[in-house]
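K.L.:
Quick one: the structure is below, and I'll ask about it shortly.
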Amino acid sequence: MPDTHDETAVWPQRDPQGAGGEDAPTEHAPPPGGPAAPAGPHAEGSETGRGASARGSRTTYVTPLEALRADEVLRTRKFFQIGMILLLATIVTVQFIGGDPVLRRAFQASAVLAFLAHAGFILYVRDETRYSQTRALVPAVVTIGAGTVAMHYFGLYSPAPMVFMLGIYFFSLGSSLGAAVFAFVLCSGAQTAGMLLVAFHLIADRGMVRFVGVTVSEQVLMVGLVQLVYTLTFLFARMSRRATITAVVGLEQALRQVGQREALLQEANADLERALRGGHGGRFTGQQVGPWVLGELIGRGAMGEAYRARHGTSGLAAAAKLLHPEVQSEPAQMRRFLREAEIMSQLDSPHVVKVHDVGDGTQGPPYIAMELLEGCDLAWLLRKRRRLPVRQVVELVEQVASALEQARASEIVHRDLKPQNLFCADAGGKKTWKVLDFGVSKLGAVAGTLTRGHVIGTPGYMAPEQARGADVDHRADVFSLAVIAYRALTGRPAFTGEDYPKILFDICFVQPARPGELLPSLPPDVDLVLALGLAKSAAHRPPRAVDLAEALALAVEGRLPGAWRSRAGVVLAVQPWGKRLA
């Protein structure tokens, strides 16, 4: 692979079906005739537009007015349904109370008429295209008439006039200002006229609730107070509607901005995909290095390029990785390149890329010929799905831990585990995770590192002792694997920041948010295992990556041993989730 800090030079796979949900399967069939394209979201199938529904995984948006109209239709139906219940209850109730018999019969008749008007309108607007607030005034006028009779029957000073306030509020929330003003004037006028006629003794007050000994001036003041309540109700409803429109418009603008950013992200990832794939031809396409005939360019980084290759004699397919000519003159890079081949050759694991052949540069350009992988890397999967299902993360950790155990047995510390360096290879329908890029690995207890005295690794995934530039062992890889598991489970990086020093500071002194807070469905014991894997002190971490993998599998099943829980409790007492170390 060209360089550990570049995009991986093994050959991510295009997902022919587009991005799935975060719990969708991760299988990615290779396109006919070749390995996959580099990872990244694709623009195919995206759509924007207006509408009131979402189909499949595509989302369409409605305008604010369309959304408010749909809400108004639903609100109107519910309002008239509630009105029917209230009218029916009142019709039944007045059978058992006294009051003026003439007014009672008049109210019952008007209430029945209003009930029928409500029912008819509800049936009429089953077809939403028929709805308009002006048409809703027809049953409203009938209801206001029934309310006026009820006001005189129950009494001008009874709770009956408050029903008008409901009507005013309902219509004032609607889209038609004219309908709102009409309803307000009608309700207000009916109440005002009735009270003033009684106050000035133009008609008799035959209601069940009457005020005795109240002067005309006092009654006029009470009329004014009721009208003030009606007016404030009207104004409050209209202001509420304006505030709703403002909020919905703001939401629509935010959604449009999100859509634009998603489109830009898709475009950027498509550019990245093309850059990684590099097109079909490269500077070495058609040439032969050692026994390998180079074909299309399938990966590119700052340090080198990767080609599809075929052995000139046996016909074995491989991926050939070559350094850029301008890099070949740098001795340190040459040593690092050959060192990577040396390390990978020592590891006999199904979860490490197999090396077929190495060219040391004495006869032609230096190269590493390794097995050709079809599939995608973890970084691509996380860009597409944000997080992975818990069971899939357990499988990932187990297989990566197996490779790291092989490395530990050979006294190799990877030192740069990250999503770009974990590759899900597809071989005949079987998915296998492979660890890539041992270019900055530490070989042996002291000797073998080409980077002594420097901070090596990728910010956000390196261990605290690695961030401090101290000596590292296998437990640094345990920490990095725990960070990867955290990222894949929660959908969020454990350590982020605006700059390199901030990330390194957080790695050393700040714990990320508790995983269970980010993913409530996560088994509680998973929090404990990750707390140990992310321990700031190497002494508190599991001694081996396979121990971490075993504990994670048990935690998911709710069978974590008590000893692990006790150890996690000690660690969390010192470095709780989401806190800075004291």
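A note on labels: chains of the structure tokens are A, B, ... as shown, every chain counts residues from 1, and ligands are counted from 1 in their shown order.
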Hey, which bits of stretch 301-375 of chain A sit within 8 Å of stretch 422-425 of chain A, and for each residue what's the closest pair of atoms and how far apart in Å (one decimal), counting only C-alpha atoms, rows by chain and increasing number, as CSV?
P.N.:
residue,atom,partner,partner_atom,distance
A:Leu373,CA,A:Ala425,CA,5.7
A:Glu374,CA,A:Ala425,CA,5.4
A:Gly375,CA,A:Ala425,CA,4.6
K.L.:
Please return as JSON, numbers by chain: the residues of stretch 150-376 of chain A that backbone DSSP assigns to strand (DSSP E or B).
P.N.:
{"A": [288, 289, 292, 293, 294, 295, 296, 297, 298, 299, 300, 304, 305, 306, 307, 308, 309, 310, 311, 317, 318, 319, 320, 321, 322, 323, 352, 355, 356, 357, 358, 359, 367, 368, 369, 370, 375, 376]}
K.L.:
Taking 4 positions as the minimum chain separation for residues in the same chain, which residues sit within 9 Å of A:Ala369 when counting only C-alpha atoms? Answer as a list in words.
P.N.:
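Final neighbour list, sorted by chain and number: Trp292, Ala309, Ala318, Ala319, Ala320, Lys321, Leu322, Lys354, Val355, His356, Asp357, Val358 and Gly359 of chain A.
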K.L.:
Do you know which residues are at most 8 Å from A:Phe79 counting only C-alpha atoms, after dropping those on the same chain fewer than 4 positions away, and could you put them as number ranges by chain?
P.N.:
A: 75, 83, 170
K.L.:
Restricting the output to C-alpha atoms, write the selected residues as a PDB file, in the first residue's frame.
P.N.:
ATOM      1  CA  ARG A  75     -57.760  19.936  12.310  1.00  0.00           C
ATOM      2  CA  GLY A  83     -68.513  19.548  17.801  1.00  0.00           C
ATOM      3  CA  PHE A 170     -60.419  27.644  15.423  1.00  0.00           C
TER       4      PHE A 170
END
K.L.:
Using DSSP secondary structure from the backbone, list all alpha helix (DSSP H) positions within stretch 23-248 of chain A, as a PyMOL selection string.
P.N.:
chain A and resi 64-93+101-124+133-154+162-172+177-199+216-248
K.L.:
Atom CA of A:Ala538 and atom CA of A:Leu519 are how many Å apart?
P.N.:
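Separating atom CA of A:Ala538 from atom CA of A:Leu519 is a distance of 26.5 Å.
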K.L.:
Looking at only C-alpha atoms, which of A:Leu323, A:Pro291, A:Ala89, A:Ala67 is the one that sits closest to A:His311?
P.N.:
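Of the candidates, the smallest distance to A:His311 is held by A:Pro291.
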K.L.:
Extract, using only C-alpha atoms, all DNA, RNA and protein residues at most 10 Å from A:Thr90, discarding same-chain residues fewer than 3 positions from it, and format them as a ChimeraX atom specification.
P.N.:
/A:84-87,93-95,107-108,111,150
K.L.:
Which residues are close to A:Phe184, i.e. within 12 Å by only C-alpha atoms, leaving aside same-chain residues fewer than 3 positions away? Reply as a PyMOL selection string.
P.N.:
chain A and resi 137+140-141+144+164-173+177-181+187-192+227-235+237-238
K.L.:
Go ahead and write the selection's residues with N, CA and C atoms as a CSV table (one decimal), in the first residue's frame.
P.N.:
chain,number,residue,atom,x,y,z
A,137,LEU,N,-67.4,27.6,6.6
A,137,LEU,CA,-68.2,28.6,7.3
A,137,LEU,C,-69.7,28.2,7.3
A,140,ALA,N,-70.4,26.2,10.2
A,140,ALA,CA,-70.1,27.1,11.3
A,140,ALA,C,-71.2,28.1,11.6
A,141,VAL,N,-71.8,28.7,10.5
A,141,VAL,CA,-72.9,29.6,10.7
A,141,VAL,C,-74.1,29.0,11.4
A,144,ILE,N,-73.2,28.6,15.0
A,144,ILE,CA,-73.2,29.9,15.7
A,144,ILE,C,-74.7,30.2,16.0
A,164,PHE,N,-68.4,30.3,21.8
A,164,PHE,CA,-68.0,31.2,20.7
A,164,PHE,C,-66.5,31.4,20.6
A,165,MET,N,-65.9,31.4,21.8
A,165,MET,CA,-64.4,31.6,21.8
A,165,MET,C,-63.7,30.5,21.1
A,166,LEU,N,-64.2,29.2,21.3
A,166,LEU,CA,-63.6,28.1,20.6
A,166,LEU,C,-63.7,28.3,19.1
A,167,GLY,N,-64.9,28.7,18.6
A,167,GLY,CA,-65.1,29.0,17.2
A,167,GLY,C,-64.1,30.0,16.6
A,168,ILE,N,-64.0,31.1,17.4
A,168,ILE,CA,-63.1,32.2,17.0
A,168,ILE,C,-61.7,31.7,16.9
A,169,TYR,N,-61.2,31.0,17.9
A,169,TYR,CA,-59.8,30.5,17.9
A,169,TYR,C,-59.6,29.5,16.7
A,170,PHE,N,-60.6,28.6,16.5
A,170,PHE,CA,-60.4,27.6,15.4
A,170,PHE,C,-60.3,28.3,14.1
A,171,PHE,N,-61.2,29.2,13.7
A,171,PHE,CA,-61.2,29.9,12.4
A,171,PHE,C,-60.0,30.8,12.3
A,172,SER,N,-59.6,31.4,13.4
A,172,SER,CA,-58.4,32.3,13.3
A,172,SER,C,-57.1,31.6,13.0
A,173,LEU,N,-57.1,30.3,13.3
A,173,LEU,CA,-55.8,29.6,13.0
A,173,LEU,C,-55.8,29.2,11.5
A,177,LEU,N,-57.9,34.8,6.1
A,177,LEU,CA,-58.2,35.9,7.0
A,177,LEU,C,-59.6,36.3,6.9
A,178,GLY,N,-60.2,36.3,5.7
A,178,GLY,CA,-61.6,36.7,5.6
A,178,GLY,C,-62.5,35.8,6.4
A,179,ALA,N,-62.3,34.5,6.3
A,179,ALA,CA,-63.1,33.6,7.1
A,179,ALA,C,-63.0,33.8,8.6
A,180,ALA,N,-61.7,34.1,9.0
A,180,ALA,CA,-61.5,34.3,10.4
A,180,ALA,C,-62.2,35.5,10.9
A,181,VAL,N,-62.1,36.6,10.1
A,181,VAL,CA,-62.8,37.9,10.5
A,181,VAL,C,-64.3,37.7,10.5
A,187,CYS,N,-69.6,35.7,15.8
A,187,CYS,CA,-69.6,35.3,17.2
A,187,CYS,C,-69.7,36.5,18.1
A,188,SER,N,-68.8,37.4,17.9
A,188,SER,CA,-68.8,38.6,18.7
A,188,SER,C,-70.1,39.4,18.6
A,189,GLY,N,-70.7,39.5,17.4
A,189,GLY,CA,-71.9,40.3,17.3
A,189,GLY,C,-73.1,39.6,17.9
A,190,ALA,N,-73.1,38.2,17.8
A,190,ALA,CA,-74.2,37.5,18.5
A,190,ALA,C,-74.2,37.7,20.0
A,191,GLN,N,-73.0,37.6,20.6
A,191,GLN,CA,-72.9,37.8,22.0
A,191,GLN,C,-73.2,39.2,22.4
A,192,THR,N,-72.6,40.2,21.7
A,192,THR,CA,-72.8,41.6,22.1
A,192,THR,C,-74.3,42.0,21.9
A,227,GLN,N,-65.9,40.9,25.1
A,227,GLN,CA,-65.4,41.3,23.8
A,227,GLN,C,-63.9,41.4,23.8
A,228,LEU,N,-63.3,41.8,24.9
A,228,LEU,CA,-61.8,41.9,25.0
A,228,LEU,C,-61.3,40.5,24.9
A,229,VAL,N,-61.9,39.6,25.6
A,229,VAL,CA,-61.4,38.2,25.6
A,229,VAL,C,-61.5,37.6,24.2
A,230,TYR,N,-62.7,37.9,23.5
A,230,TYR,CA,-62.8,37.4,22.1
A,230,TYR,C,-61.8,38.0,21.2
A,231,THR,N,-61.5,39.3,21.3
A,231,THR,CA,-60.5,39.9,20.5
A,231,THR,C,-59.1,39.4,20.7
A,232,LEU,N,-58.8,39.2,22.0
A,232,LEU,CA,-57.4,38.7,22.3
A,232,LEU,C,-57.3,37.2,21.8
A,233,THR,N,-58.4,36.5,21.8
A,233,THR,CA,-58.4,35.1,21.3
A,233,THR,C,-58.1,35.2,19.8
A,234,PHE,N,-58.8,36.1,19.1
A,234,PHE,CA,-58.6,36.2,17.6
A,234,PHE,C,-57.1,36.6,17.3
A,235,LEU,N,-56.6,37.6,18.0
A,235,LEU,CA,-55.3,38.0,17.8
A,235,LEU,C,-54.2,37.0,18.1
A,237,ALA,N,-54.6,33.7,18.1
A,237,ALA,CA,-54.6,32.7,17.1
A,237,ALA,C,-53.9,33.1,15.8
A,238,ARG,N,-54.2,34.3,15.4
A,238,ARG,CA,-53.5,34.8,14.1
A,238,ARG,C,-52.0,34.9,14.3
K.L.:
I'd like the neighbourhood of A:His118 as a list in words, where a residue qualifies if any of its atoms comes within 7 Å (using only C-alpha atoms), though same-chain residues fewer than 2 positions away should be ignored.
P.N.:
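Non-adjacent residues within range: Phe80, Met84, Ala114, Phe115, Leu116, Gly120, Phe121, Ile122 and Pro139 of chain A.
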K.L.:
What separation in Å, quoted to one decimal, exists between atom CA of A:Arg339 and atom CA of A:His324?
P.N.:
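According to the coordinates, atom CA of A:Arg339 and atom CA of A:His324 are separated by 16.7 Å.
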K.L.:
Take atom CA of A:Ala379 and atom CA of A:Gln420 and report the distance between them in Å, one decimal.
P.N.:
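One can read the atom CA of A:Ala379 to atom CA of A:Gln420 distance as 5.1 Å.
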K.L.:
Given only C-alpha atoms as the basis, pick out the residue of A:Val289, A:Val185, A:Val440, A:Val393 nearest to A:Arg335.
P.N.:
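Closest candidate: A:Val440.
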K.L.:
Given only C-alpha atoms as the basis, pick out the residue of A:Gly497, A:Asp416, A:Gly439, A:Leu534 nearest to A:Met462.
P.N.:
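Of A:Gly497, A:Asp416, A:Gly439, A:Leu534, the one nearest A:Met462, counting only C-alpha atoms, is A:Asp416.
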K.L.:
Produce a table with one row for each residue of stretch 336-368 of chain A that has an atom at most 10 Å from any atom of stretch 426-434 of chain A, each row naming the nearest atom pair and its distance in Å at one decimal; use only C-alpha atoms; arrange rows by chain and rising residue number; format as JSON lines.
P.N.:
{"residue": "A:Ser349", "atom": "CA", "partner": "A:Lys434", "partner_atom": "CA", "distance": 9.0}
{"residue": "A:Pro350", "atom": "CA", "partner": "A:Lys434", "partner_atom": "CA", "distance": 7.3}
{"residue": "A:His351", "atom": "CA", "partner": "A:Lys434", "partner_atom": "CA", "distance": 4.1}
{"residue": "A:Val352", "atom": "CA", "partner": "A:Lys434", "partner_atom": "CA", "distance": 5.0}
{"residue": "A:Val353", "atom": "CA", "partner": "A:Lys434", "partner_atom": "CA", "distance": 6.4}
{"residue": "A:Lys354", "atom": "CA", "partner": "A:Lys434", "partner_atom": "CA", "distance": 9.8}
